[in-house]
Amino acid sequence: MKDGLLIHAGINFIFLPQPPLSKRTGPTFQTALLEHGVDVSESRAADDTITVGSREPIPYEARIISLPPSAGQLLILGQQGVGTIEIFSQTAEAILNAYYQTIQIEARHLLACDVTLRFLYETDADHAFRQLWESRLHQSSDSLAALGGPVLGGGLRFVVPLLEQPEPCLAEVKIESLLTDASKLYVEASIKWDFTSNPDSAPDATERLHLVNDYVEKKVAAFMDWEDNHDDNYNLTD
């Protein structure tokens, strides 16, 4: 199977504490972003959310959100055209540093983090779900007749605790045929970390984004390429 095309990347941080947002927070954040080499062409503000973004050189959106009673959220998103994971990681790390510069407090703790990546994969099959259902899962096409009509698409979902990681985390993987082009596979992988018992963990956007990307390239891709691996008993946790 060919390498996947990255069509979405997102990383989300929950911090404690975060002071209430003010009218100055948005302009201060924009200035900090520019100082860290991140372009800003769009911005808007509400009582509890500041949103900035740009379409060039890569499309991104960053939101600072106030969560009651005193927590804060930094959400960084990259949509189609986001480029490679390396490029998005650099942007996310710069945005994280700009957030730190904007929200200056003596002691900050990371409560949670999650990363989501979405890919499109080309396959050699006319219908990617049929390949998953019949070849990968060894099911007959007749068994789907009970659903009452032709199946236009479908997929698989896994929830996997990654026990080998130094920080406890939970992965969720979706592998589906693309409804608009049945020959392609849509893959979404999310990994979530809970740091309530270890709030001094480092945010490290680059490391976490690359961890999820490597998980897709090494684990999820190997599961999808079972015919090339000659191992029909492949386990996502191996």
# chains A, B, ... in the order shown; residues from 1 in each chain; ligands from 1
call {"tool": "residues_around", "arguments": {"residues": "stretch 70-75 of chain A", "least_positions_apart": "4", "cutoff": "8 Å", "atoms": "only C-alpha atoms", "output": "NGL selection string"}}
result
:A and (10-20 or 62-66 or 96 or 99)
call {"tool": "residues_around", "arguments": {"residues": "A:Lys184", "least_positions_apart": "2", "cutoff": "8 Å", "atoms": "only C-alpha atoms", "output": "ChimeraX atom specification"}}
result
/A:120-123,127-128,177-178,181-182,186
call {"tool": "select_by_dssp", "arguments": {"residues": "stretch 113-177 of chain A", "states": "helix (DSSP H, G or I)", "output": "CSV table (one decimal) with N, CA and C atoms, in the first residue's frame"}}
result
chain,number,residue,atom,x,y,z
A,128,ALA,N,-12.6,-0.6,-1.3
A,128,ALA,CA,-11.7,-0.9,-0.2
A,128,ALA,C,-12.4,-1.6,1.0
A,129,PHE,N,-13.7,-1.3,1.2
A,129,PHE,CA,-14.4,-2.0,2.3
A,129,PHE,C,-14.6,-3.5,2.0
A,130,ARG,N,-14.9,-3.8,0.8
A,130,ARG,CA,-15.0,-5.2,0.4
A,130,ARG,C,-13.7,-5.9,0.6
A,131,GLN,N,-12.6,-5.3,0.3
A,131,GLN,CA,-11.3,-5.9,0.6
A,131,GLN,C,-11.1,-6.1,2.1
A,132,LEU,N,-11.4,-5.1,2.9
A,132,LEU,CA,-11.3,-5.3,4.3
A,132,LEU,C,-12.2,-6.4,4.8
A,133,TRP,N,-13.4,-6.4,4.4
A,133,TRP,CA,-14.4,-7.4,4.9
A,133,TRP,C,-14.1,-8.8,4.5
A,134,GLU,N,-13.9,-9.0,3.2
A,134,GLU,CA,-13.7,-10.3,2.6
A,134,GLU,C,-12.3,-10.9,2.8
A,135,SER,N,-11.3,-10.0,2.5
A,135,SER,CA,-9.9,-10.6,2.5
A,135,SER,C,-9.3,-10.5,3.9
A,136,ARG,N,-9.5,-9.3,4.5
A,136,ARG,CA,-8.8,-9.1,5.8
A,136,ARG,C,-9.5,-9.9,6.9
A,141,SER,N,-19.5,-11.9,1.4
A,141,SER,CA,-20.3,-10.7,1.0
A,141,SER,C,-21.8,-11.0,1.3
A,142,ASP,N,-22.2,-12.3,1.3
A,142,ASP,CA,-23.6,-12.6,1.6
A,142,ASP,C,-24.0,-12.3,3.0
A,143,SER,N,-23.0,-12.3,3.9
A,143,SER,CA,-23.4,-12.0,5.3
A,143,SER,C,-23.8,-10.6,5.6
A,144,LEU,N,-23.5,-9.7,4.6
A,144,LEU,CA,-24.0,-8.3,4.7
A,144,LEU,C,-25.4,-8.1,4.3
A,145,ALA,N,-26.0,-9.1,3.6
A,145,ALA,CA,-27.3,-8.9,3.1
A,145,ALA,C,-28.4,-8.7,4.2
A,146,ALA,N,-28.0,-9.1,5.4
A,146,ALA,CA,-29.0,-8.9,6.6
A,146,ALA,C,-29.2,-7.4,6.9
A,147,LEU,N,-28.3,-6.6,6.4
A,147,LEU,CA,-28.5,-5.1,6.6
A,147,LEU,C,-29.5,-4.5,5.7
call {"tool": "closest_residue", "arguments": {"among": "A:Val38, A:Val151, A:Leu110, A:Ala45", "to": "A:Ala92", "atoms": "only C-alpha atoms"}}
result
A:Val38
call {"tool": "residues_around", "arguments": {"residues": "A:Gly81", "least_positions_apart": "3", "cutoff": "10 Å", "atoms": "only C-alpha atoms", "output": "PDB file with C-alpha atoms, in the first residue's frame"}}
result
ATOM      1  CA  LEU A   5      -1.715  11.473   2.370  1.00  0.00           C
ATOM      2  CA  LEU A   6      -2.031  13.571   5.527  1.00  0.00           C
ATOM      3  CA  ILE A   7      -5.321  15.491   5.263  1.00  0.00           C
ATOM      4  CA  HIS A   8      -5.789  16.627   8.869  1.00  0.00           C
ATOM      5  CA  ARG A  55      -4.072  29.858   4.901  1.00  0.00           C
ATOM      6  CA  GLU A  56      -0.424  30.359   3.975  1.00  0.00           C
ATOM      7  CA  PRO A  57       2.142  28.875   3.965  1.00  0.00           C
ATOM      8  CA  ILE A  58       0.097  26.042   5.510  1.00  0.00           C
ATOM      9  CA  PRO A  59      -3.540  26.264   6.628  1.00  0.00           C
ATOM     10  CA  TYR A  60      -3.846  26.208  10.397  1.00  0.00           C
ATOM     11  CA  GLY A  78      -4.221  21.802  10.333  1.00  0.00           C
ATOM     12  CA  THR A  84       3.997  16.796   6.128  1.00  0.00           C
TER      13      THR A  84
END
call {"tool": "atom_distance", "arguments": {"atom1": "atom CA of A:Asp200", "atom2": "atom CA of A:Pro68"}}
result
20.7 Å
